[in-house]
$ cat coords-v6.txt   # compact mmCIF, C-alpha atoms
# COMPACT_ATOMS: atom_id res chain seq x y z
CA MET O 1 24.76 -26.58 -1.52
CA LEU O 2 27.00 -28.68 -3.76
CA GLN O 3 29.42 -26.97 -6.10
CA GLY O 4 27.69 -26.12 -9.38
CA GLU O 5 24.24 -26.77 -7.94
CA ALA O 6 21.57 -24.07 -8.26
CA PRO O 7 20.33 -22.34 -5.08
CA ARG O 8 17.23 -23.84 -3.52
CA VAL O 9 15.17 -20.74 -4.39
CA GLU O 10 15.49 -21.35 -8.15
CA ARG O 11 15.31 -25.13 -8.45
CA THR O 12 11.71 -26.34 -8.48
CA PRO O 13 8.47 -24.61 -7.43
CA PRO O 14 7.32 -25.07 -3.82
CA GLU O 15 4.33 -27.07 -5.03
CA ALA O 16 6.68 -29.79 -6.29
CA ARG O 17 8.41 -30.15 -2.92
CA ALA O 18 5.56 -29.88 -0.40
CA ARG O 19 2.46 -32.03 -0.12
CA ARG O 20 -0.86 -30.27 -0.52
CA ARG O 21 0.08 -26.69 0.24
CA LEU O 22 -3.05 -25.15 1.78
CA ARG O 23 -3.86 -21.46 1.94
CA CYS O 24 -6.58 -19.40 3.60
CA CYS O 25 -7.82 -16.38 1.63
CA GLU O 26 -7.19 -13.23 3.65
CA GLU O 27 -10.28 -11.54 2.21
CA CYS O 28 -12.98 -14.22 2.51
CA ASP O 29 -11.41 -16.90 4.79
CA TRP O 30 -11.87 -19.71 2.23
CA VAL O 31 -9.42 -22.63 2.52
CA VAL O 32 -7.94 -23.82 -0.79
CA ALA O 33 -5.10 -26.06 -1.99
CA LEU O 34 -2.58 -24.29 -4.21
CA PRO O 35 -2.12 -25.88 -7.66
CA PRO O 36 1.32 -26.26 -9.28
CA LEU O 37 2.21 -22.91 -10.88
CA ARG O 38 4.57 -22.11 -13.72
CA PRO O 39 6.30 -18.72 -14.14
CA GLY O 40 3.77 -16.09 -15.20
CA GLU O 41 0.82 -17.92 -13.62
CA LYS O 42 -1.17 -16.99 -10.52
CA ALA O 43 -3.66 -18.66 -8.20
CA ASP O 44 -6.89 -16.81 -7.32
CA CYS O 45 -9.39 -17.58 -4.59
CA PRO O 46 -12.36 -19.42 -6.17
CA ARG O 47 -14.75 -17.69 -3.78
CA CYS O 48 -13.85 -13.98 -3.95
CA GLY O 49 -11.22 -13.76 -6.71
CA HIS O 50 -8.42 -12.48 -4.47
CA THR O 51 -4.95 -13.34 -5.81
CA LEU O 52 -3.31 -15.79 -3.43
CA VAL O 53 0.01 -16.39 -5.20
CA THR O 54 1.74 -14.93 -8.28
CA ARG O 55 4.66 -16.92 -9.64
CA HIS O 56 7.60 -15.24 -11.45
CA PHE O 57 10.50 -16.57 -13.47
CA ARG O 58 13.70 -16.59 -11.39
CA PRO O 59 12.05 -14.54 -8.62
CA ALA O 60 15.17 -13.93 -6.53
CA GLN O 61 17.30 -12.69 -9.42
CA ARG O 62 14.44 -10.64 -10.85
CA SER O 63 13.65 -8.81 -7.61
CA MET O 64 17.31 -8.25 -6.74
CA ALA O 65 18.19 -6.82 -10.16
CA LEU O 66 15.21 -4.44 -10.11
CA ALA O 67 15.95 -3.36 -6.54
CA LEU O 68 19.61 -2.62 -7.36
CA ALA O 69 18.60 -0.61 -10.43
CA ALA O 70 16.04 1.33 -8.39
CA LEU O 71 18.60 2.19 -5.70
CA ILE O 72 21.03 3.44 -8.35
CA ALA O 73 18.28 5.60 -9.87
CA LEU O 74 17.44 7.00 -6.42
CA GLY O 75 21.09 7.84 -5.84
CA LEU O 76 21.21 9.74 -9.14
CA ALA O 77 17.96 11.53 -8.26
CA LEU O 78 19.53 12.76 -5.00
CA ALA O 79 22.81 13.82 -6.61
CA PHE O 80 21.60 16.24 -9.30
CA PRO O 81 19.25 19.25 -9.55
CA PHE O 82 15.57 18.36 -9.65
CA ILE O 83 13.72 21.36 -11.14
CA SER O 84 14.62 25.00 -11.80
CA PHE O 85 12.55 28.04 -12.78
CA SER O 86 13.15 31.66 -13.75
CA VAL O 87 10.87 34.68 -14.04
CA GLY O 88 11.83 38.30 -14.65
CA GLY O 89 15.52 37.49 -14.43
CA ILE O 90 15.11 35.85 -11.02
CA GLY O 91 15.20 32.09 -10.64
CA ASN O 92 15.66 29.20 -8.28
CA ARG O 93 16.89 25.63 -8.53
CA ILE O 94 16.04 22.88 -6.08
CA GLU O 95 17.16 19.36 -5.31
CA LEU O 96 14.81 16.54 -4.48
CA THR O 97 15.39 16.69 -0.72
CA GLN O 98 14.48 20.40 -0.63
CA THR O 99 10.84 19.52 -1.28
CA ALA O 100 10.84 18.35 2.35
CA THR O 101 13.47 20.53 4.06
CA THR O 102 11.91 23.78 2.86
CA LEU O 103 8.67 22.91 4.65
CA ILE O 104 10.53 22.78 7.97
CA GLY O 105 11.36 26.47 7.59
CA PHE O 106 7.62 27.18 7.37
CA HIS O 107 6.91 25.30 10.62
CA GLN O 108 5.53 22.22 8.84
CA PRO O 109 7.84 19.47 10.19
CA VAL O 110 5.12 16.80 10.15
CA VAL O 111 4.34 17.37 6.48
CA ALA O 112 8.06 17.52 5.69
CA GLY O 113 8.60 14.22 7.48
CA ALA O 114 5.74 12.60 5.58
CA VAL O 115 7.19 13.75 2.25
CA VAL O 116 10.74 12.54 2.86
CA LEU O 117 9.55 9.25 4.36
CA THR O 118 7.17 8.33 1.54
CA ILE O 119 9.40 9.25 -1.41
CA ILE O 120 12.95 8.53 -0.15
CA VAL O 121 13.43 6.85 3.24
CA LEU O 122 10.83 4.06 3.16
CA PRO O 123 11.48 3.14 -0.50
CA ALA O 124 15.23 3.00 0.18
CA LEU O 125 14.69 0.76 3.22
CA TYR O 126 12.36 -1.46 1.21
CA LEU O 127 14.85 -1.87 -1.63
CA ALA O 128 17.73 -2.54 0.77
CA GLY O 129 15.59 -5.18 2.49
CA VAL O 130 14.76 -6.87 -0.82
CA ILE O 131 18.44 -6.99 -1.79
CA TRP O 132 19.43 -8.39 1.62
CA LEU O 133 16.77 -11.11 1.45
CA GLN O 134 17.41 -12.18 -2.12
CA LEU O 135 21.18 -12.19 -1.65
CA GLY O 136 20.79 -14.67 1.19
CA LEU O 137 18.42 -16.84 -0.85
CA LEU O 138 20.79 -16.92 -3.82
CA ARG O 139 23.60 -18.00 -1.47
CA ASP O 140 21.24 -20.68 -0.13
CA ALA O 141 22.01 -19.34 3.35
CA PRO O 142 19.58 -16.65 4.58
CA LEU O 143 21.37 -13.67 6.10
CA PRO O 144 20.72 -12.52 9.69
CA ALA O 145 17.34 -10.92 10.43
CA SER O 146 15.94 -12.16 7.11
CA ARG O 147 12.60 -13.22 8.62
CA THR O 148 12.18 -9.87 10.39
CA LEU O 149 12.89 -8.04 7.13
CA ALA O 150 10.50 -10.26 5.20
CA ARG O 151 7.74 -9.46 7.69
CA SER O 152 8.44 -5.73 7.34
CA LEU O 153 8.28 -5.56 3.53
CA THR O 154 4.51 -6.07 3.43
CA GLN O 155 4.00 -3.27 5.95
CA LEU O 156 6.14 -0.79 3.98
CA THR O 157 4.52 -1.26 0.57
CA PRO O 158 1.39 0.95 0.99
CA TRP O 159 3.46 3.89 2.28
CA MET O 160 5.86 4.15 -0.67
CA MET O 161 4.53 6.93 -2.90
CA ALA O 162 7.21 7.73 -5.47
CA ASP O 163 4.70 7.22 -8.30
CA VAL O 164 2.21 9.59 -6.64
CA PHE O 165 5.00 12.16 -6.21
CA ILE O 166 5.75 12.06 -9.96
CA VAL O 167 2.12 12.86 -10.74
CA GLY O 168 2.28 15.70 -8.18
CA ALA O 169 5.42 17.03 -9.88
CA LEU O 170 3.69 17.04 -13.26
CA VAL O 171 0.71 18.88 -11.81
CA SER O 172 3.07 21.43 -10.26
CA LEU O 173 4.82 22.03 -13.59
CA ILE O 174 1.53 22.64 -15.37
CA LYS O 175 0.42 25.09 -12.65
CA ILE O 176 3.52 27.30 -13.08
CA ALA O 177 4.27 26.75 -16.77
CA GLY O 178 2.33 29.84 -17.77
CA MET O 179 3.98 32.07 -15.15
CA ALA O 180 7.66 31.15 -15.44
CA ASP O 181 10.24 29.25 -17.46
CA VAL O 182 10.73 25.76 -16.03
CA ASP O 183 13.64 23.39 -16.67
CA LEU O 184 13.73 19.74 -15.65
CA GLY O 185 17.04 18.62 -14.20
CA PRO O 186 18.67 15.17 -14.48
CA SER O 187 17.27 14.34 -11.05
CA PHE O 188 13.70 14.57 -12.35
CA TRP O 189 14.28 11.94 -15.03
CA ALA O 190 16.26 9.77 -12.64
CA PHE O 191 13.40 9.92 -10.13
CA CYS O 192 10.90 8.96 -12.84
CA ALA O 193 13.02 5.89 -13.57
CA PHE O 194 13.25 5.20 -9.83
CA ALA O 195 9.45 5.34 -9.44
CA VAL O 196 8.94 2.87 -12.29
CA LEU O 197 11.64 0.50 -11.03
CA LEU O 198 10.29 0.65 -7.48
CA LEU O 199 6.83 -0.30 -8.71
CA MET O 200 8.26 -3.17 -10.75
CA THR O 201 10.27 -4.37 -7.74
CA SER O 202 7.24 -4.50 -5.45
CA GLN O 203 5.22 -6.34 -8.08
CA SER O 204 8.02 -8.81 -8.82
CA LEU O 205 8.44 -9.95 -5.23
CA ASP O 206 7.17 -13.53 -4.93
CA ALA O 207 6.36 -13.62 -1.22
CA ASP O 208 5.13 -17.24 -1.31
CA TRP O 209 8.36 -18.50 -2.86
CA MET O 210 10.46 -16.25 -0.63
CA TRP O 211 8.93 -17.57 2.59
CA PHE O 212 9.18 -21.17 1.38
CA SER O 213 12.88 -20.65 0.66
CA LEU O 214 13.46 -18.89 3.99
CA ALA O 215 11.66 -21.26 6.34
CA GLY O 216 10.23 -24.18 4.42
CA GLU O 217 6.56 -25.20 4.47
CA PRO O 218 5.22 -26.62 7.73
CA ARG O 219 2.18 -28.82 7.18
CA ALA O 220 -1.24 -27.35 7.77
CA PRO O 221 -2.92 -28.50 11.02
CA GLN O 222 -4.18 -32.07 10.83
CA GLY O 223 -7.75 -32.36 9.64
CA THR O 224 -7.78 -29.06 7.71
CA ARG O 225 -10.54 -29.19 5.09
CA THR O 226 -10.63 -27.26 1.83
CA GLY O 227 -13.80 -25.80 0.32
CA THR O 228 -14.95 -24.23 3.58
CA THR O 229 -13.97 -21.37 5.87
CA ALA O 230 -10.98 -21.46 8.20
CA ALA O 231 -12.85 -19.87 11.12
CA GLY O 232 -15.32 -22.75 11.15
CA GLN O 233 -12.38 -25.10 11.76
CA GLY O 234 -10.68 -23.02 14.46
CA LEU O 235 -7.98 -21.95 11.95
CA THR O 236 -6.77 -18.77 10.30
CA GLY O 237 -4.23 -17.73 7.69
CA CYS O 238 -1.15 -15.64 8.43
CA HIS O 239 -1.36 -12.26 6.67
CA THR O 240 2.43 -12.11 6.44
CA CYS O 241 3.56 -15.48 5.09
CA GLY O 242 0.24 -17.17 4.23
CA LEU O 243 0.67 -20.27 6.40
CA ILE O 244 -2.47 -21.72 8.00
CA GLY O 245 -2.32 -21.98 11.79
CA ARG O 246 -4.56 -23.26 14.56
CA LEU O 247 -6.12 -20.88 17.09
CA ASP O 248 -6.59 -21.47 20.79
CA ALA O 249 -9.91 -21.33 22.63
CA ALA O 250 -9.69 -17.52 22.82
CA GLY O 251 -9.22 -17.21 19.05
CA HIS O 252 -5.52 -16.31 19.16
CA GLY O 253 -2.29 -17.96 18.07
CA ARG O 254 1.13 -17.40 16.54
CA CYS O 255 2.38 -18.35 13.08
CA GLU O 256 4.70 -21.36 13.16
CA ARG O 257 6.78 -20.04 10.24
CA CYS O 258 7.18 -16.27 10.63
CA GLY O 259 6.12 -15.71 14.26
CA GLU O 260 3.31 -13.25 13.42
CA ARG O 261 0.37 -13.03 15.83
CA LEU O 262 -2.75 -14.79 14.58
CA HIS O 263 -6.39 -13.87 15.21
CA ALA O 264 -9.64 -15.30 13.91
CA ARG O 265 -10.46 -11.74 12.88
CA ARG O 266 -8.57 -8.51 13.42
CA PRO O 267 -9.27 -7.50 17.04
CA GLN O 268 -11.85 -4.72 17.32
CA SER O 269 -11.71 -4.22 13.56
CA LEU O 270 -14.94 -2.24 13.28
CA GLN O 271 -14.24 -0.13 16.36
CA TYR O 272 -10.82 0.92 15.06
CA THR O 273 -12.21 1.63 11.59
CA TRP O 274 -15.05 3.79 12.95
CA ALA O 275 -12.64 5.74 15.19
CA LEU O 276 -10.23 6.44 12.32
CA LEU O 277 -13.08 7.43 10.01
CA ALA O 278 -14.43 9.84 12.63
CA ALA O 279 -10.99 11.43 13.05
CA ALA O 280 -10.55 11.72 9.27
CA THR O 281 -13.98 13.34 8.92
CA LEU O 282 -13.14 15.93 11.58
CA MET O 283 -9.87 16.78 9.83
CA TYR O 284 -11.49 16.98 6.40
CA ALA O 285 -13.36 20.17 7.34
CA PRO O 286 -10.26 22.33 8.08
CA ALA O 287 -8.50 20.68 5.13
CA ASN O 288 -11.05 22.30 2.82
CA LEU O 289 -11.89 25.49 4.73
CA TYR O 290 -8.33 26.71 5.35
CA PRO O 291 -5.90 27.61 2.54
CA ILE O 292 -3.57 24.85 1.46
CA MET O 293 -1.06 27.41 0.11
CA THR O 294 -0.64 31.15 -0.30
CA THR O 295 0.76 32.58 -3.54
CA THR O 296 2.52 35.95 -3.51
CA SER O 297 2.86 37.68 -6.89
CA LEU O 298 4.15 41.26 -7.28
CA GLY O 299 3.64 41.84 -3.55
CA ARG O 300 0.04 40.64 -3.58
CA SER O 301 -0.82 37.55 -1.51
CA ASP O 302 -3.58 35.19 -2.63
CA PRO O 303 -4.53 32.28 -0.32
CA SER O 304 -5.94 29.25 -2.12
CA THR O 305 -8.04 26.35 -0.82
CA ILE O 306 -8.19 22.94 -2.50
CA ILE O 307 -11.40 23.82 -4.33
CA GLY O 308 -10.01 27.25 -5.14
CA GLY O 309 -6.99 25.64 -6.78
CA VAL O 310 -9.26 23.47 -8.91
CA VAL O 311 -11.27 26.53 -10.02
CA GLU O 312 -8.04 28.39 -10.84
CA LEU O 313 -6.83 25.53 -13.02
CA ILE O 314 -10.16 25.50 -14.86
CA GLN O 315 -9.87 29.26 -15.49
CA MET O 316 -6.37 28.69 -16.87
CA GLY O 317 -7.81 26.14 -19.30
CA SER O 318 -6.07 23.16 -17.64
CA TRP O 319 -9.16 20.99 -17.50
CA PRO O 320 -7.34 17.62 -17.34
CA VAL O 321 -5.13 18.73 -14.43
CA ALA O 322 -8.13 20.27 -12.66
CA ALA O 323 -9.96 16.95 -13.05
CA VAL O 324 -6.99 15.04 -11.59
CA ILE O 325 -6.79 17.34 -8.55
CA PHE O 326 -10.56 17.31 -8.03
CA VAL O 327 -10.77 13.52 -8.18
CA ALA O 328 -7.68 12.94 -6.00
CA SER O 329 -8.40 15.65 -3.40
CA VAL O 330 -12.20 15.70 -3.24
CA ILE O 331 -13.83 12.64 -4.81
CA VAL O 332 -11.37 10.04 -3.50
CA PRO O 333 -11.28 11.14 0.20
CA VAL O 334 -15.04 11.64 0.40
CA GLY O 335 -15.73 8.45 -1.52
CA LYS O 336 -13.39 6.49 0.72
CA LEU O 337 -15.01 7.85 3.88
CA VAL O 338 -18.49 7.02 2.60
CA ALA O 339 -17.52 3.59 1.25
CA LEU O 340 -15.77 2.43 4.43
CA ALA O 341 -18.58 3.76 6.63
CA TRP O 342 -21.13 1.93 4.49
CA LEU O 343 -19.12 -1.31 4.63
CA CYS O 344 -18.98 -1.07 8.43
CA LEU O 345 -22.74 -0.58 8.55
CA VAL O 346 -23.64 -3.50 6.27
CA VAL O 347 -21.22 -6.04 7.80
CA LYS O 348 -23.93 -7.71 9.88
CA ARG O 349 -26.37 -7.71 6.94
CA SER O 350 -23.95 -9.12 4.41
CA SER O 351 -24.35 -12.50 2.74
CA GLU O 352 -22.72 -14.68 0.12
CA LEU O 353 -24.87 -13.05 -2.55
CA ASN O 354 -23.50 -9.52 -2.07
CA ALA O 355 -20.21 -10.11 -0.24
CA ALA O 356 -18.23 -10.43 -3.48
CA ALA O 357 -19.34 -7.00 -4.74
CA ARG O 358 -18.67 -5.44 -1.33
CA THR O 359 -15.22 -7.01 -1.24
CA ARG O 360 -14.42 -5.46 -4.63
CA LEU O 361 -15.51 -2.09 -3.26
CA TYR O 362 -13.15 -2.58 -0.32
CA ARG O 363 -10.25 -3.40 -2.66
CA LEU O 364 -10.94 -0.22 -4.63
CA THR O 365 -11.00 2.00 -1.54
CA GLU O 366 -7.77 0.42 -0.30
CA PHE O 367 -6.04 0.97 -3.65
CA ILE O 368 -7.01 4.58 -4.38
CA GLY O 369 -6.45 6.06 -0.91
CA ARG O 370 -2.74 6.87 -1.34
CA TRP O 371 -3.36 8.91 -4.50
CA SER O 372 -4.92 11.70 -2.46
CA MET O 373 -1.35 12.67 -1.45
CA ILE O 374 -0.97 14.39 -4.82
CA ASP O 375 -2.08 17.75 -3.39
CA VAL O 376 0.38 17.51 -0.49
CA PHE O 377 3.24 16.78 -2.90
CA VAL O 378 2.19 19.68 -5.15
CA VAL O 379 2.44 22.02 -2.17
CA ALA O 380 5.85 20.63 -1.17
CA ILE O 381 7.28 21.09 -4.68
CA LEU O 382 5.87 24.57 -5.27
CA VAL O 383 6.91 25.88 -1.84
CA ALA O 384 10.49 24.72 -2.41
CA LEU O 385 10.70 25.91 -6.01
CA ILE O 386 8.88 29.25 -6.10
CA ARG O 387 11.16 31.43 -3.95
CA ALA O 388 11.53 34.81 -5.67
CA GLY O 389 10.62 37.15 -2.83
CA ALA O 390 7.85 39.67 -3.44
CA LEU O 391 7.99 38.98 -7.17
CA MET O 392 6.67 35.46 -6.78
CA SER O 393 6.66 33.02 -3.88
CA ILE O 394 4.46 30.30 -2.40
CA GLU O 395 3.98 29.39 1.26
CA PRO O 396 2.21 26.33 2.70
CA GLY O 397 -1.12 26.80 4.43
CA PRO O 398 -2.56 25.06 7.51
CA ALA O 399 -4.73 22.85 5.30
CA ALA O 400 -1.66 20.92 4.10
CA LEU O 401 -1.22 19.24 7.49
CA ALA O 402 -4.96 18.61 7.90
CA PHE O 403 -5.30 17.10 4.43
CA GLY O 404 -2.22 14.92 4.91
CA GLY O 405 -3.82 13.69 8.14
CA VAL O 406 -7.01 12.80 6.24
CA VAL O 407 -5.03 10.72 3.75
CA VAL O 408 -3.11 8.84 6.46
CA LEU O 409 -6.19 8.23 8.62
CA THR O 410 -8.28 6.89 5.74
CA MET O 411 -5.44 4.57 4.70
CA LEU O 412 -5.22 3.26 8.26
CA ALA O 413 -9.00 2.85 8.37
CA ALA O 414 -8.88 0.66 5.26
CA MET O 415 -6.05 -1.40 6.79
CA THR O 416 -7.89 -2.01 10.06
CA PHE O 417 -11.12 -3.07 8.35
CA ASP O 418 -11.29 -6.86 8.04
CA PRO O 419 -13.03 -7.81 4.75
CA ARG O 420 -13.59 -11.36 6.04
CA LEU O 421 -16.36 -9.94 8.21
CA LEU O 422 -18.35 -9.38 5.02
CA TRP O 423 -18.40 -13.15 4.46
CA ASP O 424 -19.15 -14.26 8.02
CA SER O 425 -22.94 -14.21 7.79
CA PRO O 426 -24.46 -17.67 7.18
CA LEU O 427 -25.15 -18.61 3.58
CA PRO O 428 -28.74 -19.28 2.48
CA THR O 429 -29.91 -22.63 3.82
CA ASN O 430 -30.51 -23.99 0.31
CA GLU O 431 -26.79 -23.46 -0.54
CA ILE O 432 -24.92 -24.65 2.53
CA GLU O 433 -25.66 -26.04 5.94
CA PRO O 434 -25.02 -23.45 8.69
CA ARG O 435 -21.90 -24.16 10.73
CA ALA O 436 -21.21 -22.71 14.18
CA PRO O 437 -17.80 -21.04 14.64
CA ALA O 438 -15.14 -22.96 16.53
CA HIS O 439 -15.16 -22.81 20.35
CA GLY O 440 -18.68 -21.32 20.35
CA ARG O 441 -17.33 -17.81 19.65
CA HIS O 442 -18.11 -15.24 16.98
CA PRO O 443 -15.34 -15.04 14.33
CA GLU O 444 -14.53 -11.49 15.43
CA GLY O 445 -13.56 -12.80 18.85
CA THR O 446 -16.57 -11.86 20.98
CA PRO O 447 -18.75 -14.45 22.71
CA GLY O 448 -21.46 -15.69 20.39
$ encode --input "coords-v6.txt" --output "structure tokens"
Amino acid sequence: MLQGEAPRVERTPPEARARRRLRCCEECDWVVALPPLRPGEKADCPRCGHTLVTRHFRPAQRSMALALAALIALGLALAFPFISFSVGGIGNRIELTQTATTLIGFHQPVVAGAVVLTIIVLPALYLAGVIWLQLGLLRDAPLPASRTLARSLTQLTPWMMADVFIVGALVSLIKIAGMADVDLGPSFWAFCAFAVLLLMTSQSLDADWMWFSLAGEPRAPQGTRTGTTAAGQGLTGCHTCGLIGRLDAAGHGRCERCGERLHARRPQSLQYTWALLAAATLMYAPANLYPIMTTTSLGRSDPSTIIGGVVELIQMGSWPVAAVIFVASVIVPVGKLVALAWLCLVVKRSSELNAAARTRLYRLTEFIGRWSMIDVFVVAILVALIRAGALMSIEPGPAALAFGGVVVLTMLAAMTFDPRLLWDSPLPTNEIEPRAPAHGRHPEGTPG
């Protein structure tokens, strides 16, 4: 880079420097050519509406500034008291990390690990990775392991739940507001700022521009046609960097740019999804039958299930909070199980006419799944905070682990389901001429 010259990442858009940048939609397998994009614009798939690329103004500086601010907010959230309460002259004050460490004392190390990973460890790693990547791009010399980090960022995003934790904290405060005096420490407000900044950082990351700046733009395989599916041409799109690659006779390959493994369709997608749904269904029963926490007040213990907690909130007059818990802990898990099972069943009967609506249903189930963690976070906060002996205390129940397992398993089930299968059935003959998949194989990888 010449002295005084801007880094490559902020000069001109990739579309101005590469000829006919082709992309394959990861939800419907349609091959399109990306148009030139200005900051604030995005490119959507013309077939299913999935967003292929979102362009931002000064993407490297934007992401790096937000990530630095988020890390500072997280540091402040860890350095000061989070929440305190007092009742009858007895009180307790906790820090953010105690929402996880207290659970270990109640023989819930798995739940404790899930809490600390989703609200502190994984977000911190994500932000550090963003800063490392963007620093290298601004220097016009990518730092070591940049491609490995860039591949990891996409995998971390669904498991960062700082925003869900904030909602869980608010629900916890409402549950105990009538029983004790509650004070919010500086850490609470710092963590709220951290959750907002983390969300803004993940949304500001321009993955298309980042990968172009890291490794350029290799040309799509010769003969690639737009306006048709990639599978019909023996091609597929990389889920990590978006580059189109050619598959071998067995339907496998490796991305030329990021090194990710390529498949015509996710291997055994339906089998994995069914297995995870079955496991989640089995765990959902104990998650609702066993108590999720036990409240001790004036020496009297009262175990509470998820539904019991909703009923208690209704009796207290907290209808909005009861509705939030009921939707997040009952409607969402059940709805996700039913929706994914139905999508698996109708895959072979899907067509162009209904695939778009079914794809939107899949997007919804994938988006809402993480919000079921609200109940787990409520338990973690209350168990750490309410420690006043026989006067008032809360202990976690066995349902906390089971319900956390349901949330994780349903999220994994949504990730293993391949929405492109919904579009694989031939279109009506009056709309398009049927085309056999490449190499005489079914797009999912089994002999056709």
$ atom_distance --input "coords-v6.txt" --atom1 "atom CA of Thr157 of chain O" --atom2 "atom CA of Ser204 of chain O"
12.5 Å
$ closest_atom_pairs --input "coords-v6.txt" --of "segment 340-415 of chain O" --to "segment 262-276 of chain O" --cutoff "9 Å" --atoms "all atoms listed in the file" --output "JSON lines"
{"residue": "O:Leu340", "atom": "CA", "partner": "O:Thr273", "partner_atom": "CA", "distance": 8.0}
{"residue": "O:Ala341", "atom": "CA", "partner": "O:Trp274", "partner_atom": "CA", "distance": 7.2}
{"residue": "O:Cys344", "atom": "CA", "partner": "O:Leu270", "partner_atom": "CA", "distance": 6.4}
{"residue": "O:Leu409", "atom": "CA", "partner": "O:Leu276", "partner_atom": "CA", "distance": 5.8}
{"residue": "O:Thr410", "atom": "CA", "partner": "O:Leu276", "partner_atom": "CA", "distance": 6.9}
{"residue": "O:Leu412", "atom": "CA", "partner": "O:Leu276", "partner_atom": "CA", "distance": 7.2}
{"residue": "O:Ala413", "atom": "CA", "partner": "O:Thr273", "partner_atom": "CA", "distance": 4.7}
{"residue": "O:Ala414", "atom": "CA", "partner": "O:Thr273", "partner_atom": "CA", "distance": 7.2}
{"residue": "O:Met415", "atom": "CA", "partner": "O:Thr273", "partner_atom": "CA", "distance": 8.4}
$ residues_around --input "coords-v6.txt" --residues "Glu395 of chain O" --least-positions-apart "2" --cutoff "9 Å" --atoms "only C-alpha atoms" --output "list in words"
Leu103, Phe106, Ile292, Met293, Thr294, Thr295, Thr296, Val379, Leu382, Val383, Ala384, Ile386, Ser393 and Gly397 of chain O
$ atom_distance --input "coords-v6.txt" --atom1 "atom CA of Glu312 of chain O" --atom2 "atom CA of Val164 of chain O"
21.8 Å
$ closest_atom_pairs --input "coords-v6.txt" --of "segment 334-437 of chain O" --to "segment 118-131 of chain O" --cutoff "12 Å" --atoms "only C-alpha atoms" --output "tab-separated table"
residue	atom	partner	partner_atom	distance
O:Arg370	CA	O:Thr118	CA	10.4
O:Met373	CA	O:Thr118	CA	10.0
O:Ile374	CA	O:Thr118	CA	12.0
O:Val376	CA	O:Thr118	CA	11.6
O:Phe377	CA	O:Ile119	CA	9.8
O:Ala380	CA	O:Ile119	CA	11.9
O:Gly404	CA	O:Thr118	CA	12.0
O:Val408	CA	O:Thr118	CA	11.4
$ write_last_selection --input "coords-v6.txt" --atoms "C-alpha atoms" --output "tab-separated table (two decimals), in the coordinates of the input"
chain	number	residue	atom	x	y	z
O	370	ARG	CA	-2.74	6.87	-1.34
O	373	MET	CA	-1.35	12.67	-1.45
O	374	ILE	CA	-0.97	14.39	-4.82
O	376	VAL	CA	0.38	17.51	-0.49
O	377	PHE	CA	3.24	16.78	-2.90
O	380	ALA	CA	5.85	20.63	-1.17
O	404	GLY	CA	-2.22	14.92	4.91
O	408	VAL	CA	-3.11	8.84	6.46
$ decode --input "coords-v6.txt" --residues "segment 312-322 of chain O" --atoms "N, CA and C atoms" --output "short mmCIF file (atom, residue, chain, number, x, y, z; two decimals), in the first residue's frame"
data_model
loop_
_atom_site.label_atom_id
_atom_site.label_comp_id
_atom_site.auth_asym_id
_atom_site.auth_seq_id
_atom_site.Cartn_x
_atom_site.Cartn_y
_atom_site.Cartn_z
N GLU O 312 -48.39 -18.38 38.48
CA GLU O 312 -48.06 -17.50 39.61
C GLU O 312 -47.94 -16.05 39.16
N LEU O 313 -47.34 -15.82 38.01
CA LEU O 313 -47.23 -14.45 37.50
C LEU O 313 -48.60 -13.87 37.18
N ILE O 314 -49.50 -14.71 36.64
CA ILE O 314 -50.85 -14.24 36.35
C ILE O 314 -51.57 -13.86 37.64
N GLN O 315 -51.41 -14.68 38.69
CA GLN O 315 -52.04 -14.37 39.98
C GLN O 315 -51.49 -13.09 40.60
N MET O 316 -50.22 -12.79 40.30
CA MET O 316 -49.61 -11.55 40.80
C MET O 316 -50.04 -10.34 39.98
N GLY O 317 -50.75 -10.57 38.88
CA GLY O 317 -51.18 -9.48 38.03
C GLY O 317 -50.19 -9.10 36.95
N SER O 318 -49.10 -9.86 36.82
CA SER O 318 -48.07 -9.56 35.81
C SER O 318 -48.40 -10.28 34.52
N TRP O 319 -49.48 -9.87 33.89
CA TRP O 319 -49.91 -10.53 32.66
C TRP O 319 -48.89 -10.42 31.53
N PRO O 320 -48.30 -9.25 31.28
CA PRO O 320 -47.32 -9.17 30.18
C PRO O 320 -46.13 -10.10 30.36
N VAL O 321 -45.60 -10.16 31.61
CA VAL O 321 -44.45 -11.03 31.87
C VAL O 321 -44.86 -12.50 31.74
N ALA O 322 -46.05 -12.83 32.24
CA ALA O 322 -46.55 -14.20 32.12
C ALA O 322 -46.68 -14.58 30.64
#
